Amino acid sequence: MTPRIKICCISNVSEATAAVSAGASAIGLVGRMPSGPGVIADELIAEIARSVPPPVGTFLLTSESRADEVVAHHRRVHTDTIQLVDALEERDYDSIRSALPTVRLVQVIHVIDQGSVDEACAVAPHVDAVLLDSGNPNLQVKELGGTGRVHNWELSRKIVETCGKPVFLAGGIKASNVREAYERVGPFGFDLCSSVRTDGRLDPRKLGEFFESLEFRL
């Protein structure tokens with residue numbers, strides 16, 4: 001299966017166009033966060049989302065952890081997918097589904113230890129996909145993505161094998177390690193941010209090199 005590629009931290013319409021032209025299946029648009037790169041205003045998220053042609057996915061990355069606040073955030077931007085980068089209070093996915101029945105939900109799991117595997121299996125039935133990242137929501141200032149660090153892929157493999165939903169792999173994915181990541185983890189897709197950027201801006205050369213590196217799948 002050809003892995004889907006999501007390019008995250010898109011900062012303007014031009015970057016979205018470049019990502020889609022290179023072959024991205026989805027783009028990530030980062031709302032307010034306690035830390036990390038790529039944060040843009042909700043008005044800009046909405047503008048970029050409107051510019052993206054179907055069937056390319058538009059993911060709102062939200063740090064809101066209450067269902068009503070997640071819904072309110074989405075209604076300001078109108079993406080087709082919500083990426084929950086933190087744990088949802090009381091796992092109240094039903095309230096989001098009820099309010100936004102056509103919007104896909106992706107839950108981020110920050111892979112730290114065996115507890116992360118258990119968490120992924122617990123939330124997977126409530127969402128459309130799981131995304132594995134290398135943050136740490138237990139820090140005083142929560143780290144909810146964009147670290148550029150590789151986490152324990154053995155734990156990620158367990159999640160792929162047991163959670164029963166499509167899994168995106170994030171965290172330090174780049175042209176030089178994507179083949180190994182695909183062979184060791186077997187994800188549905190990959191999520192990239194820092195590895196295709198130079199000085200914070202999407203780099204067409206790095207983007208092209210990454211998609212060229214996916215030739216191993218053919």
# chains A, B, ... in the order shown; residues from 1 in each chain; ligands from 1

$ select_by_dssp --residues "chain A" --states "strand (DSSP E)" --output "ChimeraX atom specification"
/A:4-7,26-30,57-62,81-84,104-110,129-133,167-169,189-192,197-198,201-202

$ closest_atom_pairs --of "stretch 57-152 of chain A" --to "stretch 28-46 of chain A" --cutoff "6 Å" --atoms "only C-alpha atoms" --output "CSV"
residue,atom,partner,partner_atom,distance
A:Phe59,CA,A:Gly28,CA,4.8
A:Leu60,CA,A:Leu29,CA,5.1
A:Leu61,CA,A:Val30,CA,4.8
A:Thr62,CA,A:Gly31,CA,5.5
A:Ser63,CA,A:Met33,CA,5.9
A:Val77,CA,A:Ala46,CA,4.2
A:Gly146,CA,A:Gly36,CA,5.5

$ residues_around --residues "A:Asp128" --least-positions-apart "4" --cutoff "12 Å" --atoms "only C-alpha atoms" --output "list of chain:residue names"
A:Thr81, A:Ile82, A:Gln83, A:Leu84, A:Tyr93, A:Arg97, A:Thr102, A:Val103, A:Arg104, A:Leu105, A:Val106, A:Gln107, A:Val108, A:Val123, A:Ala124, A:Cys163, A:Gly164, A:Lys165, A:Pro166, A:Val167, A:Phe168

$ closest_residue --among "A:Cys193, A:Asn177, A:Val150, A:Gly208" --to "A:Ser11" --atoms "only C-alpha atoms"
A:Cys193

$ residues_around --residues "stretch 113-122 of chain A" --least-positions-apart "3" --cutoff "8 Å" --atoms "only C-alpha atoms" --output "list in words"
Ile109, His110, Pro125, Val130, Leu155, Ser156, Lys158, Ile159, Thr162, Cys163 and Gly164 of chain A

$ select_by_dssp --residues "stretch 176-217 of chain A" --states "helix (DSSP H, G or I)" --output "CSV table (one decimal) with C-alpha atoms, in the first residue's frame"
chain,number,residue,atom,x,y,z
A,178,VAL,CA,11.3,6.9,6.0
A,179,ARG,CA,12.0,3.5,4.4
A,180,GLU,CA,13.2,2.1,7.7
A,181,ALA,CA,10.1,3.6,9.4
A,182,TYR,CA,7.8,2.0,6.9
A,183,GLU,CA,9.4,-1.4,7.2
A,184,ARG,CA,9.6,-1.4,11.0
A,185,VAL,CA,6.2,0.3,11.8
A,194,SER,CA,10.6,20.2,10.3
A,195,SER,CA,12.3,17.8,8.0
A,196,VAL,CA,11.0,19.5,4.9
A,204,PRO,CA,10.8,22.7,-2.3
A,205,ARG,CA,14.1,20.8,-2.6
A,206,LYS,CA,13.7,18.9,0.7
A,207,LEU,CA,10.0,18.3,-0.2
A,208,GLY,CA,11.0,16.9,-3.5
A,209,GLU,CA,13.8,14.7,-2.0
A,210,PHE,CA,11.3,13.3,0.5
A,211,PHE,CA,8.8,12.2,-2.2
A,212,GLU,CA,11.6,10.8,-4.3
A,213,SER,CA,12.7,8.7,-1.3
A,214,LEU,CA,9.2,7.0,-1.4
A,215,GLU,CA,10.1,5.2,-4.5
A,216,PHE,CA,10.9,2.1,-2.3
A,217,ARG,CA,7.2,1.4,-2.1

$ closest_residue --among "A:Glu47, A:Glu161, A:Asp203, A:Asp133" --to "A:His78" --atoms "only C-alpha atoms"
A:Glu47

$ closest_residue --among "A:Asp94, A:Asp191, A:Asp80, A:Asp199" --to "A:Pro3" --atoms "only C-alpha atoms"
A:Asp191

$ closest_residue --among "A:Val52, A:Leu88, A:Leu100, A:Ala24" --to "A:Cys8" --atoms "only C-alpha atoms"
A:Ala24

$ closest_residue --among "A:Ala49, A:Val56, A:Ile7, A:Leu192" --to "A:Arg76" --atoms "only C-alpha atoms"
A:Ala49

$ closest_residue --among "A:Gly172, A:Pro54, A:Gly148, A:Gly200" --to "A:Glu15" --atoms "only C-alpha atoms"
A:Gly200
